[in-house]
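Structure data (mmCIF, C-alpha atoms) from work10.cif:
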data_structure
loop_
_atom_site.label_atom_id
_atom_site.label_comp_id
_atom_site.auth_asym_id
_atom_site.auth_seq_id
_atom_site.Cartn_x
_atom_site.Cartn_y
_atom_site.Cartn_z
CA MET A 242 14.56 0.96 11.09
CA LYS A 243 13.88 0.55 7.38
CA ASN A 244 10.64 1.76 5.89
CA GLU A 245 9.26 -1.67 5.17
CA THR A 246 5.75 -2.99 5.55
CA TYR A 247 5.00 -6.30 7.25
CA ARG A 248 1.80 -7.98 6.12
CA PHE A 249 -0.02 -10.69 8.02
CA TYR A 250 -2.83 -12.64 6.38
CA ALA A 251 -5.68 -14.82 7.60
CA ASP A 252 -4.86 -18.40 8.48
CA ARG A 253 -6.40 -19.98 5.39
CA TRP A 254 -6.43 -23.52 6.76
CA LYS A 255 -8.41 -22.61 9.87
CA ASN A 256 -10.84 -20.40 7.97
CA GLY A 257 -11.34 -23.07 5.31
CA PHE A 258 -11.95 -25.69 7.98
CA LEU A 259 -14.52 -23.46 9.70
CA ALA A 260 -16.29 -22.80 6.38
CA ILE A 261 -16.55 -26.57 5.79
CA LEU A 262 -17.70 -27.14 9.37
CA PHE A 263 -20.48 -24.55 9.12
CA SER A 264 -21.53 -25.95 5.72
CA PHE A 265 -21.70 -29.42 7.25
CA LEU A 266 -23.87 -28.05 10.08
CA ILE A 267 -26.24 -26.52 7.51
CA PHE A 268 -26.42 -29.84 5.67
CA ILE A 269 -27.19 -31.77 8.87
CA LEU A 270 -29.87 -29.32 9.93
CA PHE A 271 -31.54 -29.38 6.51
CA SER A 272 -31.35 -33.12 5.93
CA LYS A 273 -32.06 -34.42 9.45
CA VAL A 274 -33.85 -31.74 11.49
CA LEU A 275 -35.74 -29.50 9.10
CA ASN A 276 -36.66 -32.29 6.67
CA ASP A 277 -39.57 -33.37 8.87
CA THR A 278 -40.68 -30.73 11.36
CA SER A 279 -43.90 -32.49 12.39
CA TYR A 280 -42.31 -33.67 15.66
CA MET A 281 -40.94 -30.19 16.53
CA THR A 282 -42.61 -27.23 18.18
CA GLY A 283 -42.80 -23.87 16.47
CA THR A 284 -40.06 -22.54 18.72
CA GLY A 285 -37.77 -25.45 17.80
CA VAL A 286 -38.31 -24.84 14.09
CA THR A 287 -37.61 -21.11 14.54
CA VAL A 288 -34.43 -21.77 16.51
CA SER A 289 -33.29 -24.27 13.88
CA TRP A 290 -33.82 -21.72 11.10
CA ILE A 291 -31.91 -19.10 13.09
CA ILE A 292 -29.01 -21.55 13.52
CA VAL A 293 -29.09 -22.29 9.78
CA GLY A 294 -29.03 -18.57 8.98
CA LEU A 295 -26.16 -17.84 11.33
CA SER A 296 -24.23 -20.88 10.09
CA PHE A 297 -24.69 -19.70 6.51
CA LEU A 298 -23.47 -16.21 7.43
CA PHE A 299 -20.39 -17.57 9.25
CA ALA A 300 -19.66 -20.03 6.43
CA VAL A 301 -19.69 -17.20 3.89
CA ILE A 302 -17.48 -14.99 6.08
CA CYS A 303 -14.98 -17.83 6.61
CA LEU A 304 -14.99 -18.65 2.90
CA ILE A 305 -14.31 -15.02 2.01
CA ARG A 306 -11.48 -14.90 4.55
CA THR A 307 -10.06 -18.09 3.03
CA ILE A 308 -9.85 -16.74 -0.53
CA ASP A 309 -9.31 -13.03 0.25
CA PRO A 310 -5.81 -11.98 -0.90
CA ARG A 311 -5.73 -8.81 1.24
CA PRO A 312 -3.76 -8.74 4.52
CA ILE A 313 -5.55 -8.59 7.86
CA VAL A 314 -2.81 -6.53 9.54
CA GLU A 315 -0.17 -4.28 7.97
CA VAL A 316 2.61 -2.91 10.16
CA ASN A 317 4.98 -0.15 9.05
CA ASP A 318 6.72 2.97 10.38
CA ASP A 319 3.52 5.00 10.26
CA GLY A 320 1.37 2.60 12.29
CA LEU A 321 -1.02 -0.31 11.99
CA ARG A 322 -3.60 -0.84 9.26
CA ILE A 323 -6.13 -3.37 10.52
CA GLN A 324 -8.93 -4.99 8.56
CA THR A 325 -11.65 -4.81 11.21
CA PHE A 326 -14.33 -6.62 9.20
CA LEU A 327 -14.60 -8.01 5.69
CA PHE A 328 -14.19 -4.76 3.76
CA TRP A 329 -13.45 -2.12 6.41
CA LYS A 330 -9.91 -1.11 7.26
CA GLU A 331 -8.82 1.17 10.04
CA PHE A 332 -5.50 2.93 10.39
CA VAL A 333 -3.95 3.52 13.82
CA SER A 334 -0.79 5.62 13.97
CA TRP A 335 1.89 4.73 16.51
CA GLU A 336 1.43 8.11 18.24
CA GLU A 337 -2.22 7.44 19.10
CA ILE A 338 -1.67 3.97 20.57
CA LEU A 339 -1.88 4.09 24.34
CA GLU A 340 -1.40 0.39 25.00
CA VAL A 341 -1.34 -2.96 23.24
CA LYS A 342 -2.42 -5.95 25.30
CA LYS A 343 -2.75 -9.63 24.52
CA GLU A 344 -6.02 -10.85 26.04
CA LYS A 345 -7.28 -14.36 26.56
CA TYR A 346 -10.97 -15.22 26.56
CA THR A 347 -12.18 -18.65 27.60
CA GLN A 348 -15.72 -19.88 27.13
CA ARG A 349 -16.77 -23.06 28.87
CA ALA A 350 -19.83 -25.15 28.22
CA SER A 351 -20.81 -28.36 29.93
CA ASN A 352 -23.63 -30.83 29.72
CA ILE A 353 -24.42 -32.35 33.11
CA THR A 354 -26.12 -35.46 31.76
CA LEU A 355 -23.28 -36.53 29.48
CA ASN A 356 -20.42 -35.21 31.63
CA ALA A 357 -19.00 -33.54 28.54
CA HIS A 358 -17.01 -30.34 28.84
CA LEU A 359 -16.11 -27.91 26.09
CA LYS A 360 -13.53 -25.18 26.47
CA VAL A 361 -12.87 -22.64 23.72
CA THR A 362 -9.99 -20.20 24.17
CA SER A 363 -9.43 -17.20 21.90
CA TYR A 364 -6.50 -14.83 21.95
CA PHE A 365 -6.94 -11.21 20.92
CA LEU A 366 -4.47 -8.40 20.49
CA ARG A 367 -6.31 -5.30 21.66
CA VAL A 368 -5.07 -1.84 20.64
CA TYR A 369 -6.18 0.93 23.01
CA ARG A 370 -6.50 4.50 21.71
CA PRO A 371 -7.38 7.77 23.46
CA ASN A 372 -11.04 8.82 23.15
CA LYS A 373 -11.74 6.10 20.57
CA ARG A 374 -12.91 2.53 20.52
CA SER A 375 -10.27 -0.12 21.03
CA ILE A 376 -9.55 -2.44 18.11
CA ALA A 377 -9.14 -6.18 18.58
CA ILE A 378 -7.27 -8.55 16.29
CA ASN A 379 -8.26 -12.21 16.59
CA LEU A 380 -4.92 -13.98 16.82
CA SER A 381 -6.56 -17.41 16.57
CA LEU A 382 -7.44 -16.89 12.90
CA LEU A 383 -4.33 -14.92 11.91
CA ASN A 384 -1.28 -16.48 10.28
CA LYS A 385 1.38 -15.09 12.62
CA ARG A 386 4.23 -16.92 10.82
CA GLY A 387 5.61 -18.39 14.00
CA ASN A 388 6.68 -15.65 16.38
CA GLU A 389 7.23 -12.98 13.71
CA PHE A 390 4.00 -11.08 14.44
CA ASN A 391 4.85 -10.63 18.13
CA GLU A 392 8.42 -9.63 17.31
CA VAL A 393 7.36 -7.01 14.76
CA ILE A 394 4.74 -5.45 17.06
CA GLY A 395 7.19 -5.47 19.98
CA ARG A 396 9.96 -3.91 17.89
CA TYR A 397 7.75 -1.07 16.65
CA MET A 398 6.24 -0.45 20.09
CA LYS A 399 9.72 -0.27 21.65
CA VAL A 400 11.03 2.13 18.99
CA ASN A 401 7.99 4.43 19.15
CA LYS A 402 7.74 4.48 22.97
CA THR A 403 11.39 5.48 23.39
CA VAL A 404 11.07 8.25 20.82
CA GLY A 405 7.84 9.75 22.27
#
Kindly present the structure from the file in structure tokens form.
Amino acid sequence: MKNETYRFYADRWKNGFLAILFSFLIFILFSKVLNDTSYMTGTGVTVSWIIVGLSFLFAVICLIRTIDPRPIVEVNDDGLRIQTFLFWKEFVSWEEILEVKKEKYTQRASNITLNAHLKVTSYFLRVYRPNKRSIAINLSLLNKRGNEFNEVIGRYMKVNKTVG
């Protein structure tokens, strides 16, 4: 196998859409809910401000992910370099990887009065290491370039498991 590095970046369209969505939520809360708080209880106002704060934080994170030119995952002969959060990267060598599993998490929410159901499914690639925390890569917000990400990880895992 050649000593080449495969780089996978954030899915800019999804992150940009989420940044716009969170910004729209902030706008709605400011213009409609927090504009006149005389009809709200103190708890309602506090919860609304917490939602605004979290929405602002998520909007900024999604905006940074949209314009950030650095890769989220780098795969080469030495191992994986994963950007775990905005500015922190972690390196995992192939020798210390015990297992790589694709995991599916589904969150369901329903409102009984409106008979509305919401189902959000996220896919993570979790890298298990001995005596260390596992690292998860959110595949929903990663530009996998079709099936190339799965092929590259599978190829390197196969090569390194047969050698070791």
Can you turn the PyMOL selection byres ((chain A and resi 293) around 12) into a concrete residue list for this file, as an NGL selection string? :A and (263-272 or 274-275 or 286-292 or 294-300)
Convert the output of the PyMOL selection byres ((chain A and resi 341) around 10) on the shown file into explicit residues, formatted as JSON, numbers by chain. {"A": [338, 339, 340, 342, 343, 344, 366, 367, 368, 369, 370, 375, 376, 377, 394, 395, 398]}
Thr325 of chain A environment, 10 Å, only C-alpha atoms, sequence neighbours closer than 6 positions dropped, as a PDB file with C-alpha atoms, keeping the file's coordinate frame:
ATOM      1  CA  ILE A 313      -5.550  -8.590   7.860  1.00  0.00           C
ATOM      2  CA  VAL A 314      -2.810  -6.530   9.540  1.00  0.00           C
ATOM      3  CA  GLU A 331      -8.820   1.170  10.040  1.00  0.00           C
ATOM      4  CA  PHE A 332      -5.500   2.930  10.390  1.00  0.00           C
ATOM      5  CA  ILE A 376      -9.550  -2.440  18.110  1.00  0.00           C
ATOM      6  CA  ALA A 377      -9.140  -6.180  18.580  1.00  0.00           C
ATOM      7  CA  ILE A 378      -7.270  -8.550  16.290  1.00  0.00           C
ATOM      8  CA  ASN A 379      -8.260 -12.210  16.590  1.00  0.00           C
TER       9      ASN A 379
END
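Taking atom CA of Val301 of chain A and atom CA of Gly283 of chain A as the two end points, the separation is 27.1 Å.
Picked out by the PyMOL selection byres ((chain A and resi 306) around 10) when it runs on this file: Tyr250, Ala251, Asp252, Arg253, Lys255, Asn256, Gly257, Ala260, Ala300, Val301, Ile302, Cys303, Leu304, Ile305, Thr307, Ile308, Asp309, Pro310, Arg311, Pro312, Ile313, Phe326, Leu327 and Leu382 of chain A.
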Please check which residues have atoms at most 6 Å from (6.6, -6.5, 10.6) in the file's coordinates, counting all atoms listed in the file, and write them as a PyMOL selection string. chain A and resi 247+316+393
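Computed from the coordinates, the atom CA of Asn276 of chain A to atom CA of Ile261 of chain A distance equals 20.9 Å.
We find atom CA of Glu245 of chain A and atom CA of Asp318 of chain A to be spaced 7.4 Å apart.
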Please determine the residues with any atom at most 6 Å from (-6.3, -16.2, 18.5) (coordinates as given in the file, with all atoms listed in the file counting) and report them as a compact mmCIF listing (two decimals) with C-alpha atoms, in the coordinates of the input.
# COMPACT_ATOMS: atom_id res chain seq x y z
CA SER A 363 -9.43 -17.20 21.90
CA TYR A 364 -6.50 -14.83 21.95
CA PHE A 365 -6.94 -11.21 20.92
CA ASN A 379 -8.26 -12.21 16.59
CA LEU A 380 -4.92 -13.98 16.82
CA SER A 381 -6.56 -17.41 16.57
CA LEU A 382 -7.44 -16.89 12.90
